[in-house]
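Containing mmCIF, C-alpha atoms: coords-v9.cif.
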data_protein
loop_
_atom_site.label_atom_id
_atom_site.label_comp_id
_atom_site.auth_asym_id
_atom_site.auth_seq_id
_atom_site.Cartn_x
_atom_site.Cartn_y
_atom_site.Cartn_z
CA MET U 253 13.46 15.36 -37.40
CA SER U 254 14.72 14.22 -40.78
CA GLY U 255 14.04 17.51 -42.58
CA SER U 256 17.11 19.68 -43.10
CA ALA U 257 17.49 23.11 -41.48
CA LYS U 258 19.48 25.36 -43.82
CA ARG U 259 17.77 28.70 -43.26
CA SER U 260 16.63 30.51 -40.13
CA VAL U 261 14.97 33.67 -38.86
CA THR U 262 15.98 35.65 -35.78
CA ILE U 263 13.28 36.86 -33.41
CA THR U 264 14.03 39.63 -30.93
CA LEU U 265 11.61 40.35 -28.09
CA ASP U 266 10.88 44.09 -27.89
CA GLY U 267 11.93 45.73 -24.63
CA SER U 268 14.48 43.06 -23.80
CA ASN U 269 17.88 41.91 -24.94
CA LYS U 270 16.57 38.42 -25.67
CA SER U 271 16.64 36.96 -29.18
CA VAL U 272 16.45 33.51 -30.67
CA SER U 273 17.39 31.96 -34.01
CA ILE U 274 14.53 29.85 -35.35
CA PRO U 275 15.62 27.18 -37.89
CA LEU U 276 13.54 26.61 -41.00
CA ILE U 277 12.90 22.91 -41.63
CA GLU U 278 12.53 22.00 -45.30
CA ALA U 279 9.90 19.46 -46.35
CA THR U 280 10.37 16.87 -49.09
CA VAL U 281 7.47 18.52 -50.92
CA GLY U 282 5.44 21.50 -49.82
CA THR U 283 5.64 24.23 -47.23
CA PRO U 284 8.68 24.47 -44.93
CA VAL U 285 8.13 25.02 -41.21
CA PHE U 286 9.83 26.98 -38.43
CA ASP U 287 11.06 24.86 -35.53
CA ILE U 288 9.78 26.85 -32.54
CA ARG U 289 10.56 24.29 -29.84
CA LYS U 290 13.16 26.55 -28.18
CA LEU U 291 11.01 29.67 -28.35
CA TYR U 292 9.74 29.44 -24.77
CA GLY U 293 13.09 28.46 -23.31
CA ASP U 294 14.93 31.36 -24.98
CA LEU U 295 12.27 34.09 -25.02
CA GLY U 296 9.72 32.97 -22.45
CA VAL U 297 6.77 33.11 -24.91
CA PHE U 298 4.55 30.65 -26.74
CA THR U 299 2.79 30.86 -30.09
CA TYR U 300 -0.99 31.24 -30.44
CA ASP U 301 -2.67 29.21 -33.21
CA PRO U 302 -6.35 28.30 -32.63
CA GLY U 303 -7.23 25.14 -34.53
CA TYR U 304 -3.53 24.55 -35.32
CA GLY U 305 -4.09 25.91 -38.83
CA GLY U 306 -0.53 27.20 -39.04
CA THR U 307 1.26 24.66 -36.87
CA ALA U 308 2.88 21.33 -37.77
CA ALA U 309 2.44 19.04 -34.78
CA CYS U 310 4.42 16.13 -36.19
CA GLU U 311 6.63 14.88 -38.99
CA SER U 312 5.00 12.37 -41.32
CA LYS U 313 5.88 10.43 -44.47
CA ILE U 314 2.37 9.11 -45.15
CA THR U 315 0.11 11.64 -46.88
CA TYR U 316 0.74 14.95 -48.64
CA ILE U 317 -1.89 17.52 -49.57
CA ASP U 318 -1.43 20.66 -51.65
CA GLY U 319 -4.71 22.43 -51.07
CA ASP U 320 -4.03 25.26 -53.50
CA GLU U 321 -3.34 22.91 -56.40
CA GLY U 322 -5.81 20.18 -55.44
CA ILE U 323 -3.16 17.48 -54.99
CA LEU U 324 -3.45 14.43 -52.73
CA LEU U 325 -0.61 11.90 -52.49
CA TYR U 326 -0.44 8.64 -50.52
CA ARG U 327 3.24 7.86 -49.92
CA GLY U 328 4.00 9.96 -53.01
CA TYR U 329 1.43 8.31 -55.30
CA PRO U 330 -1.34 10.55 -56.75
CA ILE U 331 -4.79 9.61 -55.54
CA GLU U 332 -6.00 9.57 -59.16
CA GLN U 333 -3.57 6.75 -60.06
CA LEU U 334 -4.39 4.71 -56.98
CA ALA U 335 -8.13 5.12 -57.53
CA GLU U 336 -7.82 3.91 -61.12
CA LYS U 337 -5.30 1.11 -60.76
CA SER U 338 -5.16 -0.07 -57.16
CA THR U 339 -7.37 -1.80 -54.60
CA PHE U 340 -8.16 -0.76 -51.06
CA LEU U 341 -6.10 -3.53 -49.45
CA GLU U 342 -3.12 -2.66 -51.65
CA VAL U 343 -3.52 0.97 -50.53
CA CYS U 344 -3.66 -0.31 -46.93
CA TYR U 345 -0.30 -1.99 -47.42
CA LEU U 346 1.10 1.15 -49.04
CA LEU U 347 0.01 3.41 -46.21
CA MET U 348 1.26 1.06 -43.50
CA GLU U 349 4.53 -0.10 -45.09
CA GLY U 350 5.53 2.88 -47.23
CA ALA U 351 5.73 1.10 -50.60
CA LEU U 352 3.51 -0.84 -52.96
CA PRO U 353 3.69 -4.59 -52.26
CA THR U 354 5.10 -7.33 -54.45
CA ALA U 355 2.69 -10.11 -55.38
CA THR U 356 4.02 -12.28 -52.53
CA GLN U 357 3.88 -9.45 -49.99
CA PHE U 358 0.34 -8.60 -50.97
CA LYS U 359 -0.81 -12.21 -50.71
CA ASP U 360 0.63 -12.46 -47.19
CA PHE U 361 -0.86 -9.11 -46.21
CA GLU U 362 -4.29 -10.00 -47.57
CA LEU U 363 -4.19 -13.29 -45.69
CA GLY U 364 -3.11 -11.45 -42.54
CA VAL U 365 -6.14 -9.18 -42.73
CA MET U 366 -8.76 -11.71 -43.79
CA ARG U 367 -7.88 -14.24 -41.10
CA HIS U 368 -8.94 -11.65 -38.49
CA THR U 369 -12.34 -10.62 -39.86
CA MET U 370 -14.33 -12.57 -37.27
CA LEU U 371 -15.13 -11.14 -33.86
CA HIS U 372 -14.82 -12.89 -30.53
CA GLU U 373 -18.20 -14.59 -30.09
CA GLN U 374 -18.82 -12.82 -26.77
CA ILE U 375 -18.75 -9.50 -28.64
CA ARG U 376 -21.96 -10.63 -30.34
CA GLU U 377 -23.63 -10.43 -26.92
CA PHE U 378 -22.03 -7.06 -26.29
CA PHE U 379 -24.33 -5.52 -28.91
CA ASN U 380 -27.37 -6.41 -26.82
CA GLY U 381 -26.37 -3.74 -24.32
CA PHE U 382 -27.27 -0.99 -26.80
CA ARG U 383 -30.73 0.29 -27.59
CA ARG U 384 -32.00 -0.80 -30.99
CA ASP U 385 -32.24 2.82 -32.12
CA ALA U 386 -28.67 3.68 -31.09
CA HIS U 387 -26.69 5.56 -33.74
CA PRO U 388 -24.18 3.23 -35.45
CA MET U 389 -21.32 5.56 -34.48
CA ALA U 390 -22.28 5.27 -30.82
CA VAL U 391 -22.16 1.50 -31.15
CA MET U 392 -18.81 1.62 -32.97
CA CYS U 393 -17.25 3.87 -30.33
CA GLY U 394 -18.28 1.42 -27.62
CA VAL U 395 -17.43 -1.84 -29.37
CA VAL U 396 -14.09 -0.73 -30.82
CA GLY U 397 -13.06 0.68 -27.44
CA ALA U 398 -14.00 -2.63 -25.85
CA LEU U 399 -11.80 -4.68 -28.21
CA SER U 400 -8.90 -4.21 -25.81
CA ALA U 401 -10.84 -6.29 -23.28
CA PHE U 402 -11.08 -9.16 -25.76
CA TYR U 403 -7.67 -8.96 -27.45
CA HIS U 404 -5.40 -7.98 -24.58
CA ASP U 405 -2.65 -10.27 -25.85
CA SER U 406 -1.45 -7.58 -28.27
CA LEU U 407 -1.54 -4.35 -26.25
CA ASP U 408 2.21 -3.87 -25.80
CA ILE U 409 2.71 -0.78 -27.97
CA HIS U 410 6.51 -1.13 -27.74
CA ASP U 411 6.45 -4.60 -29.29
CA PRO U 412 6.45 -4.48 -33.14
CA ALA U 413 4.72 -7.87 -33.37
CA SER U 414 1.90 -6.71 -31.07
CA ARG U 415 1.47 -3.52 -33.08
CA THR U 416 1.24 -5.51 -36.30
CA ILE U 417 -1.39 -7.95 -35.08
CA SER U 418 -3.41 -5.09 -33.58
CA ALA U 419 -3.29 -3.34 -36.95
CA PHE U 420 -4.53 -6.46 -38.74
CA ARG U 421 -7.29 -6.93 -36.20
CA LEU U 422 -8.55 -3.36 -36.46
CA ILE U 423 -8.52 -3.22 -40.27
CA ALA U 424 -10.22 -6.62 -40.44
CA LYS U 425 -12.79 -6.32 -37.66
CA ILE U 426 -14.11 -2.78 -38.01
CA PRO U 427 -16.09 -3.64 -41.19
CA THR U 428 -17.69 -6.51 -39.26
CA ILE U 429 -18.50 -4.18 -36.36
CA ALA U 430 -20.00 -1.56 -38.69
CA ALA U 431 -22.13 -4.13 -40.55
CA TRP U 432 -23.34 -5.65 -37.27
CA ALA U 433 -24.21 -2.19 -35.93
CA TYR U 434 -26.56 -1.81 -38.89
CA LYS U 435 -27.99 -5.31 -38.57
CA TYR U 436 -28.63 -4.78 -34.85
CA ASN U 437 -30.36 -1.47 -35.55
CA CYS U 438 -32.75 -2.92 -38.14
CA GLY U 439 -33.33 -6.21 -36.30
CA GLN U 440 -31.79 -8.52 -38.88
CA PRO U 441 -29.50 -11.47 -38.01
CA PHE U 442 -25.77 -10.84 -37.96
CA MET U 443 -23.99 -12.14 -41.03
CA TYR U 444 -20.56 -13.62 -40.44
CA PRO U 445 -17.69 -12.61 -42.76
CA GLN U 446 -16.86 -14.68 -45.83
CA ASN U 447 -13.11 -14.75 -46.28
CA ASP U 448 -13.30 -15.96 -49.86
CA LEU U 449 -14.64 -12.50 -50.77
CA GLY U 450 -12.57 -9.37 -51.22
CA TYR U 451 -12.49 -6.71 -48.53
CA ALA U 452 -15.20 -4.45 -50.02
CA GLU U 453 -17.22 -7.46 -51.23
CA ASN U 454 -17.15 -8.97 -47.76
CA PHE U 455 -18.42 -5.76 -46.20
CA LEU U 456 -21.28 -5.46 -48.70
CA TYR U 457 -22.16 -9.10 -48.02
CA MET U 458 -22.27 -8.64 -44.23
CA PHE U 459 -24.29 -5.47 -44.64
CA HIS U 460 -26.90 -6.54 -47.20
CA ALA U 461 -27.18 -10.34 -47.00
CA VAL U 462 -29.77 -12.24 -44.96
CA PRO U 463 -29.87 -15.99 -44.13
CA ALA U 464 -33.21 -16.48 -45.88
CA GLU U 465 -31.86 -16.13 -49.41
CA PRO U 466 -28.57 -16.16 -51.32
CA TYR U 467 -26.82 -12.86 -51.89
CA LYS U 468 -24.39 -12.25 -54.72
CA VAL U 469 -22.27 -9.13 -54.51
CA ASN U 470 -22.55 -6.91 -57.58
CA PRO U 471 -18.98 -6.39 -58.89
CA ILE U 472 -19.74 -2.81 -60.01
CA LEU U 473 -20.98 -1.90 -56.54
CA ALA U 474 -18.06 -3.74 -54.92
CA ARG U 475 -15.60 -1.73 -57.01
CA ALA U 476 -17.43 1.49 -56.11
CA MET U 477 -17.22 0.57 -52.42
CA ASP U 478 -13.52 -0.22 -52.81
CA LEU U 479 -13.01 3.15 -54.51
CA ILE U 480 -14.82 5.03 -51.74
CA MET U 481 -12.57 3.32 -49.21
CA ILE U 482 -9.43 4.30 -51.14
CA LEU U 483 -10.50 7.94 -51.32
CA HIS U 484 -11.15 8.07 -47.57
CA ALA U 485 -8.18 5.97 -46.40
CA ASP U 486 -6.11 8.89 -45.09
CA HIS U 487 -6.09 12.66 -45.27
CA GLU U 488 -3.08 13.97 -43.39
CA GLN U 489 -3.50 15.59 -39.94
CA ASN U 490 -7.26 16.12 -39.85
CA ALA U 491 -9.26 16.29 -36.61
CA SER U 492 -9.75 12.54 -36.12
CA THR U 493 -6.17 11.65 -37.09
CA SER U 494 -4.84 14.30 -34.74
CA THR U 495 -7.09 12.82 -32.05
CA VAL U 496 -5.63 9.35 -32.63
CA ARG U 497 -2.10 10.74 -32.41
CA LEU U 498 -2.89 12.75 -29.28
CA ALA U 499 -4.45 9.75 -27.56
CA GLY U 500 -1.57 7.56 -28.74
CA SER U 501 1.01 9.98 -27.36
CA THR U 502 -0.11 9.02 -23.84
CA GLY U 503 0.75 5.36 -24.46
CA ALA U 504 -2.90 4.31 -24.77
CA ASN U 505 -3.55 0.99 -26.48
CA PRO U 506 -4.39 1.05 -30.22
CA PHE U 507 -8.04 0.03 -29.76
CA ALA U 508 -8.61 2.97 -27.41
CA CYS U 509 -6.84 5.33 -29.82
CA ILE U 510 -8.97 4.25 -32.79
CA ALA U 511 -12.13 4.53 -30.68
CA ALA U 512 -11.08 8.11 -29.92
CA GLY U 513 -10.65 8.73 -33.64
CA ILE U 514 -14.14 7.35 -34.32
CA ALA U 515 -15.61 9.69 -31.69
CA SER U 516 -13.87 12.66 -33.31
CA LEU U 517 -15.00 11.60 -36.78
CA TRP U 518 -18.61 11.58 -35.61
CA GLY U 519 -18.82 15.39 -35.69
CA PRO U 520 -20.93 16.87 -38.54
CA ALA U 521 -18.07 19.18 -39.51
CA HIS U 522 -15.85 16.14 -40.12
CA GLY U 523 -17.15 12.67 -40.94
CA GLY U 524 -20.82 13.63 -40.88
CA ALA U 525 -20.51 16.12 -43.72
CA ASN U 526 -21.89 13.84 -46.45
CA GLU U 527 -24.97 13.18 -44.33
CA ALA U 528 -25.39 16.94 -44.02
CA VAL U 529 -25.20 17.27 -47.83
CA LEU U 530 -28.18 14.96 -48.31
CA LYS U 531 -30.11 16.86 -45.66
CA MET U 532 -29.33 20.13 -47.47
CA LEU U 533 -30.44 18.74 -50.85
CA ALA U 534 -33.68 17.49 -49.29
CA GLU U 535 -34.33 20.94 -47.85
CA ILE U 536 -33.71 22.59 -51.24
CA GLY U 537 -36.17 20.11 -52.71
CA HIS U 538 -36.16 21.19 -56.35
CA VAL U 539 -33.87 22.75 -58.94
CA LYS U 540 -36.08 25.83 -59.07
CA ASN U 541 -35.29 26.54 -55.40
CA ILE U 542 -31.50 26.64 -55.84
CA THR U 543 -31.23 30.38 -56.55
CA GLY U 544 -33.21 31.26 -53.44
CA PHE U 545 -31.19 28.84 -51.34
CA LEU U 546 -27.87 30.30 -52.52
CA SER U 547 -29.15 33.80 -51.72
CA GLU U 548 -29.71 32.63 -48.15
CA VAL U 549 -26.18 31.21 -48.05
CA LYS U 550 -24.78 34.60 -49.09
CA ASP U 551 -26.85 36.44 -46.48
CA LYS U 552 -24.55 37.17 -43.53
CA GLY U 553 -27.55 37.29 -41.22
CA SER U 554 -28.60 33.77 -42.21
CA HIS U 555 -27.27 30.55 -40.69
CA THR U 556 -27.75 28.64 -43.97
CA LYS U 557 -24.60 26.86 -45.13
CA LEU U 558 -23.61 25.33 -48.47
CA MET U 559 -22.64 21.83 -47.38
CA GLY U 560 -20.21 19.78 -49.47
CA PHE U 561 -18.39 22.86 -50.77
CA GLY U 562 -15.10 24.19 -49.50
CA HIS U 563 -12.50 22.51 -47.34
CA ARG U 564 -10.20 23.48 -44.50
CA VAL U 565 -7.20 22.50 -46.65
CA TYR U 566 -8.33 22.48 -50.29
CA LYS U 567 -8.61 25.90 -51.94
CA ASN U 568 -9.18 24.20 -55.27
CA TYR U 569 -11.37 21.35 -56.51
CA ASP U 570 -11.02 18.39 -54.16
CA PRO U 571 -9.34 15.73 -56.37
CA ARG U 572 -11.42 13.03 -54.67
CA ALA U 573 -14.65 14.78 -55.72
CA LYS U 574 -13.84 14.40 -59.43
CA ILE U 575 -13.19 10.68 -59.00
CA ILE U 576 -16.32 9.96 -56.99
CA GLN U 577 -18.50 12.02 -59.33
CA LYS U 578 -17.63 9.61 -62.15
CA ALA U 579 -18.22 6.58 -59.93
CA CYS U 580 -21.57 8.03 -58.91
CA HIS U 581 -22.80 7.97 -62.51
CA GLU U 582 -21.54 4.39 -62.97
CA VAL U 583 -23.38 3.17 -59.88
CA LEU U 584 -26.63 4.90 -60.79
CA SER U 585 -26.41 3.45 -64.30
CA GLU U 586 -25.75 -0.06 -62.94
CA LEU U 587 -28.74 0.23 -60.62
CA GLY U 588 -30.96 1.49 -63.44
CA ILE U 589 -31.44 4.91 -61.87
CA LYS U 590 -31.60 7.05 -64.99
CA ASP U 591 -33.34 10.11 -63.65
CA ASP U 592 -32.38 10.62 -60.05
CA PRO U 593 -33.84 13.91 -58.74
CA LEU U 594 -31.22 14.08 -56.01
CA LEU U 595 -28.32 13.74 -58.46
CA ASP U 596 -29.92 16.17 -60.91
CA LEU U 597 -30.33 18.67 -58.08
CA ALA U 598 -26.74 18.15 -56.93
CA MET U 599 -25.30 18.61 -60.41
CA GLU U 600 -27.32 21.78 -61.04
CA LEU U 601 -26.32 23.16 -57.64
CA GLU U 602 -22.67 22.43 -58.45
CA LYS U 603 -22.98 24.08 -61.88
CA ILE U 604 -24.58 27.25 -60.53
CA ALA U 605 -22.22 27.56 -57.55
CA LEU U 606 -19.10 27.08 -59.70
CA ASN U 607 -20.22 29.95 -61.93
CA ASP U 608 -21.21 32.26 -59.10
CA LYS U 609 -18.58 34.94 -58.38
CA TYR U 610 -19.41 34.86 -54.66
CA PHE U 611 -18.36 31.23 -54.28
CA VAL U 612 -15.56 31.35 -56.85
CA ASP U 613 -13.91 34.30 -55.08
CA ARG U 614 -14.05 32.37 -51.81
CA LYS U 615 -12.64 29.24 -53.48
CA LEU U 616 -15.62 27.13 -52.43
CA TYR U 617 -15.33 24.10 -54.68
CA PRO U 618 -17.11 20.73 -54.26
CA ASN U 619 -15.39 18.32 -51.89
CA VAL U 620 -15.62 14.54 -51.62
CA ASP U 621 -18.64 14.73 -49.32
CA PHE U 622 -20.77 16.39 -51.98
CA TYR U 623 -21.13 13.20 -54.04
CA SER U 624 -20.31 10.44 -51.55
CA GLY U 625 -23.68 10.78 -49.82
CA ILE U 626 -25.54 10.36 -53.11
CA ILE U 627 -23.61 7.27 -54.15
CA LEU U 628 -23.96 5.64 -50.72
CA LYS U 629 -27.70 6.33 -50.67
CA ALA U 630 -28.04 4.73 -54.11
CA MET U 631 -26.18 1.65 -52.86
CA GLY U 632 -28.75 1.15 -50.12
CA PHE U 633 -26.99 2.65 -47.11
CA PRO U 634 -29.10 4.71 -44.69
CA THR U 635 -27.71 8.15 -43.86
CA SER U 636 -27.03 7.05 -40.28
CA MET U 637 -24.39 4.66 -41.66
CA PHE U 638 -22.47 7.20 -43.73
CA THR U 639 -20.05 8.21 -40.98
CA ALA U 640 -19.61 4.59 -39.91
CA LEU U 641 -18.53 3.77 -43.48
CA PHE U 642 -16.08 6.66 -43.28
CA ALA U 643 -14.63 5.09 -40.11
CA VAL U 644 -14.22 1.73 -41.87
CA SER U 645 -12.20 3.42 -44.62
CA ARG U 646 -10.16 5.72 -42.38
CA THR U 647 -9.09 3.03 -39.90
CA VAL U 648 -6.02 2.15 -41.97
CA GLY U 649 -4.99 5.80 -42.06
CA TRP U 650 -5.37 6.09 -38.30
CA ILE U 651 -3.40 2.89 -37.77
CA SER U 652 -0.62 4.02 -40.14
CA GLN U 653 -0.36 7.39 -38.41
CA TRP U 654 -0.40 5.72 -34.98
CA GLN U 655 2.36 3.29 -35.95
CA GLU U 656 4.47 6.12 -37.38
CA MET U 657 3.99 8.13 -34.20
CA ILE U 658 5.01 5.24 -31.95
CA ALA U 659 8.20 4.72 -33.96
CA ASP U 660 9.10 8.44 -33.98
CA PRO U 661 12.03 9.02 -31.55
CA GLU U 662 10.98 12.66 -31.15
CA GLN U 663 7.43 11.78 -30.11
CA ARG U 664 6.31 13.36 -26.84
CA ILE U 665 2.98 13.35 -25.03
CA GLY U 666 0.69 15.90 -26.65
CA ARG U 667 0.32 19.00 -24.46
CA PRO U 668 -0.98 22.11 -26.26
CA ARG U 669 -0.43 25.43 -24.52
CA GLN U 670 -3.04 28.13 -23.93
CA ILE U 671 -3.31 31.85 -23.38
CA TYR U 672 -5.17 32.37 -20.12
CA THR U 673 -7.70 35.23 -20.19
CA GLY U 674 -9.65 34.45 -17.02
CA ALA U 675 -9.64 36.19 -13.64
CA PRO U 676 -6.28 36.99 -12.06
CA GLN U 677 -5.38 35.41 -8.72
CA ARG U 678 -7.86 36.37 -6.01
CA ASP U 679 -8.61 35.40 -2.41
CA TYR U 680 -11.50 33.29 -1.20
CA VAL U 681 -14.32 35.22 0.50
CA PRO U 682 -16.62 33.39 2.99
CA ILE U 683 -20.20 33.06 1.75
CA SER U 684 -21.52 35.05 4.72
CA THR U 685 -19.61 38.15 3.63
CA ARG U 686 -20.19 38.02 -0.10
CA GLY U 687 -22.24 40.91 -1.43
#
Structure translated into structure tokens:
Amino acid sequence: MSGSAKRSVTITLDGSNKSVSIPLIEATVGTPVFDIRKLYGDLGVFTYDPGYGGTAACESKITYIDGDEGILLYRGYPIEQLAEKSTFLEVCYLLMEGALPTATQFKDFELGVMRHTMLHEQIREFFNGFRRDAHPMAVMCGVVGALSAFYHDSLDIHDPASRTISAFRLIAKIPTIAAWAYKYNCGQPFMYPQNDLGYAENFLYMFHAVPAEPYKVNPILARAMDLIMILHADHEQNASTSTVRLAGSTGANPFACIAAGIASLWGPAHGGANEAVLKMLAEIGHVKNITGFLSEVKDKGSHTKLMGFGHRVYKNYDPRAKIIQKACHEVLSELGIKDDPLLDLAMELEKIALNDKYFVDRKLYPNVDFYSGIILKAMGFPTSMFTALFAVSRTVGWISQWQEMIADPEQRIGRPRQIYTGAPQRDYVPISTRG
């Protein structure tokens, strides 16, 4: 571990003469951590931390979040600066390589990604094994997991060249898989990637275009798509990223690890949150119903939840939410949607909630999911595709975290402990004598 240990705390176990000195590891920025790896060996006890909310499971140089201050950094760069000045592929390079690319490096990287956008032609037939009404995330889990059967020439995780080509393939092919999952669902022909288009442009083309007529990608919508991808590219050790790392710690191939991340992302508490926001807004129905809805949210006996507000990490306004709110207005304006009831309802709900002492005291501020569902709906994406789009964006984060984990000399197979509260040891009783 590269962090320095200059301070420590001594823990003494009551009723014994055992004690241990626990070093405090300093972070570059943010909260220091206690290194408890010798706790069991010296005291014979483990720590208990459901959900790992107070435990650092790894060392990482990729993403930093300060939830109290509403700060998100990719490799030290504020998300606000990257959203304004960068592109998604440049952010991909940054996350994977640790620094912004030179013009030459970026050209080579872009070429490396775009030359892998096509899928093996047999994968086209693979889609026929799914029902037409299959959820896009179910299709993505299956197809991404199956990539290892088609690209088994790059599965040696200990070979840097194999890891690099696998990274290119995943970043390049997952947009194609996501677009084809939609096309298969709605019965339209698959559209092959166009490598003369940018990354976000190419995805919009594969998603919206049909062979019967020309399709020109709207640059405003392409930039909005690129922005959404930047905002969702990585987010530290969330559930899906932790899943990728845990799967990767076993030595599993990268395609299997990313498929595991996609499965984890599918949960409504994680990647499906923006879909849940739209469902909530539809249930509220009208601005006049907001007060009654919020009363239900406050009622402890009710199961009504305020979706799109609050975050496991952020105890302040999600910095991504401010960025996407502005983009939302730009997209609606470009599409000629002047009076959108859904957006009006969302903005009024946000206004009332941010001035309500109940939510303010609990630090429930809007997160990125609150507006992303609205902007995606306006751009023509069905709600079933929202989480799939999240997976397209997050793939580079998963890959970057996986590569960092593989290169970490202190990496061990993930093996959380437990506190057993079941029955003590007991003897088997024959069925004939059981009362």
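Using all atoms listed in the file for every distance, the candidate list U:Lys550, U:Arg376, U:Arg289, U:Lys359 yields U:Arg289 as the residue closest to Ala308 (chain U).
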Quick one: contact table of region 462-580 of chain U to region 603-618 of chain U, 8 Å max, nearest atom pair and distance in Å to one decimal per residue, counting all atoms listed in the file, chain and number order, as a Markdown table?
| residue | atom | partner | partner_atom | distance |
| --- | --- | --- | --- | --- |
| U:Lys550 | CA | U:Tyr610 | CA | 7.7 |
| U:Gly560 | CA | U:Pro618 | CA | 5.8 |
| U:Phe561 | CA | U:Pro618 | CA | 4.3 |
| U:Gly562 | CA | U:Leu616 | CA | 4.2 |
| U:His563 | CA | U:Leu616 | CA | 7.5 |
| U:Lys567 | CA | U:Lys615 | CA | 5.5 |
| U:Asn568 | CA | U:Tyr617 | CA | 6.2 |
| U:Tyr569 | CA | U:Tyr617 | CA | 5.2 |
| U:Asp570 | CA | U:Pro618 | CA | 6.5 |
| U:Ala573 | CA | U:Pro618 | CA | 6.6 |
Original post:
Which neighbours of Ala386 (chain U) fall inside 9 Å, counting all atoms listed in the file, when residues of the same chain fewer than 5 positions from it are skipped, and could you give them as a list in words?
Top reply: Val391, Ala433 and Asn437 of chain U
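Using all atoms listed in the file, the nearest neighbour of Asn505 (chain U) within the list U:Ser400, U:Gln440, U:Ser268, U:Ser547 is U:Ser400.
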One decimal place gives the CA of Cys344 (chain U)-CA of Val496 (chain U) separation as 17.4 Å
Check what the PyMOL selection byres ((chain U and resi 278-285) around 10) selects in the file above and give those residues as a JSON list (two decimals) with C-alpha atoms, in the coordinates of the input.
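So part.json came out as:
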[["chain", "number", "residue", "atom", "x", "y", "z"],
["U", 254, "SER", "CA", 14.72, 14.22, -40.78],
["U", 255, "GLY", "CA", 14.04, 17.51, -42.58],
["U", 256, "SER", "CA", 17.11, 19.68, -43.10],
["U", 257, "ALA", "CA", 17.49, 23.11, -41.48],
["U", 258, "LYS", "CA", 19.48, 25.36, -43.82],
["U", 259, "ARG", "CA", 17.77, 28.70, -43.26],
["U", 274, "ILE", "CA", 14.53, 29.85, -35.35],
["U", 275, "PRO", "CA", 15.62, 27.18, -37.89],
["U", 276, "LEU", "CA", 13.54, 26.61, -41.00],
["U", 277, "ILE", "CA", 12.90, 22.91, -41.63],
["U", 286, "PHE", "CA", 9.83, 26.98, -38.43],
["U", 287, "ASP", "CA", 11.06, 24.86, -35.53],
["U", 288, "ILE", "CA", 9.78, 26.85, -32.54],
["U", 306, "GLY", "CA", -0.53, 27.20, -39.04],
["U", 307, "THR", "CA", 1.26, 24.66, -36.87],
["U", 308, "ALA", "CA", 2.88, 21.33, -37.77],
["U", 311, "GLU", "CA", 6.63, 14.88, -38.99],
["U", 312, "SER", "CA", 5.00, 12.37, -41.32],
["U", 313, "LYS", "CA", 5.88, 10.43, -44.47],
["U", 316, "TYR", "CA", 0.74, 14.95, -48.64],
["U", 317, "ILE", "CA", -1.89, 17.52, -49.57],
["U", 318, "ASP", "CA", -1.43, 20.66, -51.65],
["U", 328, "GLY", "CA", 4.00, 9.96, -53.01]]
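Take the PyMOL selection byres ((chain U and resi 506) around 10) and apply it to this file: it picks Val396, Gly397, Leu399, Ser400, Ser406, Leu407, Asp408, Ile409, Arg415, Ser418, Ala419, Leu422, Val496, Ala499, Gly500, Gly503, Ala504, Asn505, Phe507, Ala508, Cys509, Ile510, Ala511, Ala512, Trp650, Ile651, Trp654 and Gln655 of chain U.
Compared by their closest atoms to Ala521 (chain U), and using all atoms listed in the file, the residues U:Ala491, U:Phe622, U:Leu595, U:Ser260 rank with U:Ala491 nearest.
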Once the PyMOL selection byres ((chain U and resi 442-458) around 8) is applied to the coordinates I shared, what remains selected? I want it as a list in words. Phe340, Leu341, Met366, Arg367, Thr369, Met370, Pro427, Thr428, Ala431, Trp432, Lys435, Tyr436, Gln440, Pro441, Phe459, His460, Ala461, Val462, Pro463, Tyr467, Lys468, Val469, Pro471, Ala474, Arg475, Met477 and Asp478 of chain U
A straight line from CA of Asp405 (chain U) to CA of Glu662 (chain U) spans 27.2 Å
The distance between CA of His372 (chain U) and CA of Ala424 (chain U) is 12.6 Å
Would you tabulate, counting all atoms listed in the file, all residues of region 576-616 of chain U that have an atom at most 9 Å from an atom of region 624-632 of chain U, showing the closest pair of atoms and their distance in Å to one decimal, sorted by chain then ascending number, as CSV?
residue,atom,partner,partner_atom,distance
U:Ile576,CA,U:Ser624,CA,6.8
U:Gln577,CA,U:Ser624,CA,8.1
U:Ala579,CA,U:Ile627,CA,7.9
U:Cys580,CA,U:Ile627,CA,5.2
U:His581,CA,U:Ile627,CA,8.4
U:Val583,CA,U:Ile627,CA,7.0
U:Leu584,CA,U:Ala630,CA,6.8
U:Leu587,CA,U:Ala630,CA,7.9
U:Ile589,CA,U:Ala630,CA,8.5
U:Leu594,CA,U:Ile626,CA,7.4
U:Leu595,CA,U:Ile626,CA,6.9
U:Ala598,CA,U:Ile626,CA,8.8
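For the set U:Asp385, U:Cys310, U:Ser684, U:Gly439, the residue with the smallest atom-to-atom gap to Ile665 (chain U) is U:Cys310, counting all atoms listed in the file.
Nearest residue to Val395 (chain U) among U:Thr685, U:Asn380, U:Thr354, U:Gln670 is U:Asn380, counting only C-alpha atoms.
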Answer as a ChimeraX atom specification, residues within 12 Å of (-1.0, 10.7, -48.6) using all atoms listed in the file
/U:281,312-318,323-332,334,343-344,346-348,350-351,482-489,648-649,652-653
If you count all atoms listed in the file, the residue of U:Met392, U:Ala401, U:Met481, U:Ala335 closest to Phe642 (chain U) turns out to be U:Met481
